[in-house]
file start-v8.csv (CSV, C-alpha atoms)
chain,number,residue,atom,x,y,z
A,937,MET,CA,-88.3,-54.8,43.8
A,938,THR,CA,-87.3,-51.8,46.0
A,939,ARG,CA,-85.8,-52.1,49.4
A,940,SER,CA,-85.9,-48.9,51.4
A,941,ASP,CA,-86.2,-50.3,54.9
A,942,ARG,CA,-82.5,-50.0,55.6
A,943,ASN,CA,-81.8,-46.9,53.5
A,944,PRO,CA,-82.7,-43.3,54.1
A,945,ALA,CA,-86.1,-42.3,52.7
A,946,SER,CA,-84.5,-40.2,49.9
A,947,PHE,CA,-82.3,-43.0,48.7
A,948,SER,CA,-83.5,-46.3,47.5
A,949,ILE,CA,-81.8,-49.1,45.6
A,950,GLU,CA,-83.6,-51.2,43.0
A,951,TYR,CA,-82.7,-54.9,42.9
A,952,ILE,CA,-83.0,-57.4,40.1
A,953,GLN,CA,-83.6,-61.1,41.0
A,954,VAL,CA,-81.2,-63.4,39.1
A,955,GLY,CA,-82.0,-67.0,40.1
A,956,ASP,CA,-82.1,-67.0,43.9
A,957,VAL,CA,-80.0,-63.9,44.3
A,958,LEU,CA,-81.0,-60.2,44.4
A,959,LEU,CA,-78.4,-58.0,42.7
A,960,PRO,CA,-78.4,-54.2,42.9
A,961,ASN,CA,-79.5,-52.5,39.7
A,962,LEU,CA,-76.5,-50.1,39.4
A,963,THR,CA,-75.9,-48.0,36.4
A,964,LEU,CA,-73.5,-45.1,35.6
A,965,GLU,CA,-74.9,-42.0,34.0
A,966,THR,CA,-73.5,-41.5,30.5
A,967,VAL,CA,-72.5,-37.9,30.4
A,968,PRO,CA,-71.2,-36.6,27.0
A,969,TYR,CA,-67.9,-34.9,27.1
A,970,ALA,CA,-65.7,-33.1,24.5
A,971,ASN,CA,-64.3,-36.0,22.5
A,972,GLY,CA,-61.3,-34.0,21.1
A,973,LYS,CA,-57.7,-34.9,20.6
A,974,TRP,CA,-56.6,-33.8,24.0
A,975,SER,CA,-59.4,-35.4,26.0
A,976,ARG,CA,-58.9,-38.7,24.2
A,977,LEU,CA,-55.1,-38.6,24.9
A,978,ARG,CA,-55.7,-37.8,28.5
A,979,LYS,CA,-58.3,-40.6,28.9
A,980,ILE,CA,-55.9,-43.1,27.4
A,981,HIS,CA,-53.1,-41.9,29.6
A,982,LEU,CA,-55.2,-42.3,32.7
A,983,GLU,CA,-56.4,-45.7,31.7
A,984,THR,CA,-52.9,-47.1,31.1
A,985,HIS,CA,-50.7,-45.2,33.6
A,986,ARG,CA,-52.9,-43.7,36.3
A,987,LYS,CA,-55.4,-46.5,36.8
A,988,GLY,CA,-56.3,-45.5,40.4
A,989,LEU,CA,-57.1,-41.9,39.4
A,990,TYR,CA,-59.0,-43.1,36.4
A,991,SER,CA,-61.2,-45.4,38.5
A,992,CYS,CA,-61.8,-42.7,41.1
A,993,LEU,CA,-62.8,-40.2,38.4
A,994,LEU,CA,-65.0,-42.7,36.6
A,995,LEU,CA,-66.8,-44.0,39.7
A,996,SER,CA,-67.4,-40.6,41.1
A,997,GLY,CA,-68.8,-39.3,37.8
A,998,LYS,CA,-66.2,-36.6,37.5
A,999,LEU,CA,-64.4,-38.1,34.5
A,1000,PRO,CA,-66.4,-36.2,31.8
A,1001,ALA,CA,-65.9,-32.9,33.6
A,1002,HIS,CA,-62.2,-33.6,34.0
A,1003,LEU,CA,-61.8,-34.5,30.3
A,1004,ASP,CA,-63.8,-31.4,29.2
A,1005,ASP,CA,-61.5,-29.2,31.4
A,1006,VAL,CA,-58.3,-30.8,29.9
A,1007,GLN,CA,-59.7,-30.3,26.4
A,1008,ARG,CA,-60.5,-26.6,26.9
A,1009,SER,CA,-57.3,-25.9,28.8
A,1010,ALA,CA,-55.2,-27.6,26.1
A,1011,GLU,CA,-56.9,-25.7,23.3
A,1012,GLN,CA,-56.4,-22.3,25.0
A,1013,ARG,CA,-52.8,-23.1,26.0
A,1014,LEU,CA,-52.0,-24.2,22.4
A,1015,GLU,CA,-53.3,-20.9,20.9
A,1016,THR,CA,-51.4,-18.9,23.5
A,1017,ILE,CA,-48.1,-20.8,22.9
A,1018,ILE,CA,-48.4,-20.7,19.1
A,1019,ALA,CA,-49.1,-16.9,19.2
A,1020,GLN,CA,-46.1,-16.3,21.5
A,1021,MET,CA,-43.7,-18.5,19.5
A,1022,THR,CA,-44.7,-17.0,16.1
A,1023,LYS,CA,-44.1,-13.6,17.6
A,1024,ASP,CA,-40.7,-14.6,19.0
A,1025,ALA,CA,-39.6,-16.3,15.8
A,1026,GLY,CA,-40.7,-13.5,13.6
A,1027,VAL,CA,-43.1,-15.6,11.6
A,1028,ASP,CA,-45.7,-13.1,10.3
A,1029,GLU,CA,-47.7,-12.2,7.3
A,1030,GLU,CA,-44.7,-10.6,5.6
A,1031,LEU,CA,-42.9,-13.9,5.6
A,1032,LYS,CA,-46.0,-15.6,4.4
A,1033,ALA,CA,-46.2,-13.3,1.4
A,1034,ALA,CA,-42.5,-13.4,0.7
A,1035,ASN,CA,-41.7,-17.1,1.1
A,1036,GLN,CA,-44.7,-19.4,1.6
A,1037,MET,CA,-42.7,-22.6,2.0
A,1038,GLU,CA,-40.5,-21.1,4.7
A,1039,TRP,CA,-43.7,-19.8,6.5
A,1040,VAL,CA,-45.3,-23.3,6.3
A,1041,ARG,CA,-42.1,-25.0,7.6
A,1042,SER,CA,-41.9,-22.5,10.5
A,1043,MET,CA,-45.6,-22.8,11.4
A,1044,ASN,CA,-45.4,-26.6,11.3
A,1045,SER,CA,-42.3,-26.6,13.5
A,1046,ILE,CA,-43.9,-24.2,16.0
A,1047,ARG,CA,-47.1,-26.2,16.1
A,1048,ALA,CA,-45.2,-29.4,16.8
A,1049,GLN,CA,-43.3,-27.8,19.6
A,1050,ALA,CA,-46.4,-26.3,21.1
A,1051,GLU,CA,-48.2,-29.7,21.0
A,1052,GLU,CA,-45.2,-31.3,22.8
A,1053,ILE,CA,-45.5,-28.7,25.5
A,1054,ILE,CA,-49.2,-29.5,25.9
A,1055,LEU,CA,-48.6,-33.2,26.1
A,1056,ARG,CA,-46.0,-32.8,28.8
A,1057,GLU,CA,-47.8,-30.2,30.9
A,1058,LEU,CA,-51.5,-31.1,30.6
A,1059,ILE,CA,-51.8,-34.7,29.3
A,1060,TYR,CA,-49.0,-36.5,31.1
A,1061,GLU,CA,-48.6,-33.9,33.9
A,1062,GLU,CA,-44.9,-33.9,33.8
A,1063,ASP,CA,-42.8,-31.0,35.1
A,1064,ALA,CA,-41.5,-28.7,32.4
A,1065,VAL,CA,-37.8,-29.1,31.9
call {"tool": "encode", "arguments": {"input": "start-v8.csv", "output": "structure tokens"}}
result
Amino acid sequence: MTRSDRNPASFSIEYIQVGDVLLPNLTLETVPYANGKWSRLRKIHLETHRKGLYSCLLLSGKLPAHLDDVQRSAEQRLETIIAQMTKDAGVDEELKAANQMEWVRSMNSIRAQAEEIILRELIYEEDAV
């Protein structure tokens, strides 16, 4: 059943009869989004610590776009930070050829530091210290 007598012509709501009551047939569009590490962490953070913002983004349909943006930004920022930190620390191909274990240790440390920066700046939106 469609009721368009009270709504503008371009907008109509479909109703479903459940018993004696007409309920609006409302559905949210399922829009796929990048389901990467950073977007999942951001979604979990919003659900648990920023419930108002999460509800607002979800109900307005902007959540997938927001999570895509966070995922892309985090990946780009991670690459930039790792490149800068490896240059500053002198971790290069010469070190990799001379001492592989030291290179692996250094790269793991740099990656962990870069991921912490991403978590604070983009996922939890804390000010950098």
call {"tool": "atom_distance", "arguments": {"input": "start-v8.csv", "atom1": "atom CA of A:Ile1059", "atom2": "atom CA of A:Lys987"}}
result
14.4 Å
call {"tool": "atom_distance", "arguments": {"input": "start-v8.csv", "atom1": "atom CA of A:Glu1062", "atom2": "atom CA of A:His985"}}
result
12.7 Å
call {"tool": "atom_distance", "arguments": {"input": "start-v8.csv", "atom1": "atom CA of A:Leu1058", "atom2": "atom CA of A:Ser1009"}}
result
8.0 Å
call {"tool": "residues_near_point", "arguments": {"input": "start-v8.csv", "point": "(-65.2, -37.3, 24.4)", "cutoff": "12 Å", "atoms": "all atoms listed in the file", "output": "PyMOL selection string"}}
result
chain A and resi 966-980+999-1008
call {"tool": "closest_residue", "arguments": {"input": "start-v8.csv", "among": "A:Thr1022, A:Glu1052, A:Pro960, A:Tyr1060", "to": "A:Val1040", "atoms": "all atoms listed in the file"}}
result
A:Thr1022
call {"tool": "residues_around", "arguments": {"input": "start-v8.csv", "residues": "A:Met1043", "least_positions_apart": "4", "cutoff": "10 Å", "atoms": "only C-alpha atoms", "output": "PDB file with C-alpha atoms, in the coordinates of the input"}}
result
ATOM      1  CA  ILE A1018     -48.400 -20.700  19.100  1.00  0.00           C
ATOM      2  CA  MET A1021     -43.700 -18.500  19.500  1.00  0.00           C
ATOM      3  CA  THR A1022     -44.700 -17.000  16.100  1.00  0.00           C
ATOM      4  CA  ALA A1025     -39.600 -16.300  15.800  1.00  0.00           C
ATOM      5  CA  VAL A1027     -43.100 -15.600  11.600  1.00  0.00           C
ATOM      6  CA  ASP A1028     -45.700 -13.100  10.300  1.00  0.00           C
ATOM      7  CA  MET A1037     -42.700 -22.600   2.000  1.00  0.00           C
ATOM      8  CA  GLU A1038     -40.500 -21.100   4.700  1.00  0.00           C
ATOM      9  CA  TRP A1039     -43.700 -19.800   6.500  1.00  0.00           C
ATOM     10  CA  ARG A1047     -47.100 -26.200  16.100  1.00  0.00           C
ATOM     11  CA  ALA A1048     -45.200 -29.400  16.800  1.00  0.00           C
ATOM     12  CA  GLN A1049     -43.300 -27.800  19.600  1.00  0.00           C
TER      13      GLN A1049
END
call {"tool": "decode", "arguments": {"input": "start-v8.csv", "residues": "stretch 1000-1021 of chain A", "atoms": "N, CA, C and O atoms", "output": "tab-separated table (two decimals), in the first residue's frame"}}
result
chain	number	residue	atom	x	y	z
A	1000	PRO	N	29.75	4.50	4.79
A	1000	PRO	CA	30.69	3.85	3.85
A	1000	PRO	C	31.70	4.82	3.25
A	1000	PRO	O	32.88	4.49	3.13
A	1001	ALA	N	31.25	6.01	2.88
A	1001	ALA	CA	32.17	6.99	2.30
A	1001	ALA	C	33.20	7.43	3.33
A	1001	ALA	O	34.39	7.58	3.01
A	1002	HIS	N	32.76	7.61	4.58
A	1002	HIS	CA	33.68	8.00	5.65
A	1002	HIS	C	34.73	6.91	5.88
A	1002	HIS	O	35.92	7.20	5.99
A	1003	LEU	N	34.31	5.66	5.92
A	1003	LEU	CA	35.24	4.55	6.15
A	1003	LEU	C	36.20	4.39	4.97
A	1003	LEU	O	37.38	4.09	5.17
A	1004	ASP	N	35.70	4.58	3.74
A	1004	ASP	CA	36.58	4.55	2.57
A	1004	ASP	C	37.64	5.63	2.65
A	1004	ASP	O	38.82	5.40	2.37
A	1005	ASP	N	37.22	6.82	3.05
A	1005	ASP	CA	38.14	7.95	3.16
A	1005	ASP	C	39.21	7.67	4.22
A	1005	ASP	O	40.40	7.93	4.00
A	1006	VAL	N	38.80	7.13	5.36
A	1006	VAL	CA	39.75	6.79	6.43
A	1006	VAL	C	40.73	5.74	5.94
A	1006	VAL	O	41.94	5.85	6.16
A	1007	GLN	N	40.24	4.71	5.25
A	1007	GLN	CA	41.11	3.64	4.75
A	1007	GLN	C	42.15	4.19	3.78
A	1007	GLN	O	43.34	3.90	3.90
A	1008	ARG	N	41.70	4.98	2.81
A	1008	ARG	CA	42.64	5.54	1.83
A	1008	ARG	C	43.64	6.49	2.47
A	1008	ARG	O	44.84	6.42	2.21
A	1009	SER	N	43.16	7.34	3.35
A	1009	SER	CA	44.06	8.29	4.02
A	1009	SER	C	45.09	7.57	4.87
A	1009	SER	O	46.27	7.95	4.87
A	1010	ALA	N	44.66	6.55	5.59
A	1010	ALA	CA	45.58	5.81	6.45
A	1010	ALA	C	46.65	5.09	5.63
A	1010	ALA	O	47.83	5.10	6.00
A	1011	GLU	N	46.26	4.48	4.51
A	1011	GLU	CA	47.24	3.79	3.67
A	1011	GLU	C	48.26	4.76	3.10
A	1011	GLU	O	49.47	4.48	3.11
A	1012	GLN	N	47.79	5.90	2.62
A	1012	GLN	CA	48.71	6.91	2.05
A	1012	GLN	C	49.63	7.47	3.13
A	1012	GLN	O	50.84	7.61	2.92
A	1013	ARG	N	49.07	7.77	4.27
A	1013	ARG	CA	49.86	8.34	5.38
A	1013	ARG	C	50.89	7.34	5.87
A	1013	ARG	O	52.02	7.70	6.18
A	1014	LEU	N	50.51	6.06	5.94
A	1014	LEU	CA	51.43	5.01	6.38
A	1014	LEU	C	52.63	4.91	5.45
A	1014	LEU	O	53.78	4.85	5.91
A	1015	GLU	N	52.38	4.91	4.15
A	1015	GLU	CA	53.48	4.86	3.18
A	1015	GLU	C	54.41	6.06	3.34
A	1015	GLU	O	55.64	5.91	3.31
A	1016	THR	N	53.83	7.23	3.51
A	1016	THR	CA	54.63	8.45	3.65
A	1016	THR	C	55.48	8.42	4.92
A	1016	THR	O	56.67	8.74	4.88
A	1017	ILE	N	54.87	8.02	6.03
A	1017	ILE	CA	55.59	7.99	7.31
A	1017	ILE	C	56.72	6.97	7.26
A	1017	ILE	O	57.84	7.25	7.70
A	1018	ILE	N	56.44	5.78	6.72
A	1018	ILE	CA	57.48	4.75	6.64
A	1018	ILE	C	58.64	5.22	5.77
A	1018	ILE	O	59.81	5.05	6.14
A	1019	ALA	N	58.33	5.82	4.63
A	1019	ALA	CA	59.39	6.31	3.75
A	1019	ALA	C	60.25	7.36	4.46
A	1019	ALA	O	61.49	7.33	4.38
A	1020	GLN	N	59.62	8.27	5.16
A	1020	GLN	CA	60.35	9.33	5.85
A	1020	GLN	C	61.18	8.77	7.00
A	1020	GLN	O	62.35	9.14	7.19
A	1021	MET	N	60.60	7.85	7.77
A	1021	MET	CA	61.33	7.30	8.91
A	1021	MET	C	62.50	6.41	8.48
A	1021	MET	O	63.55	6.41	9.13
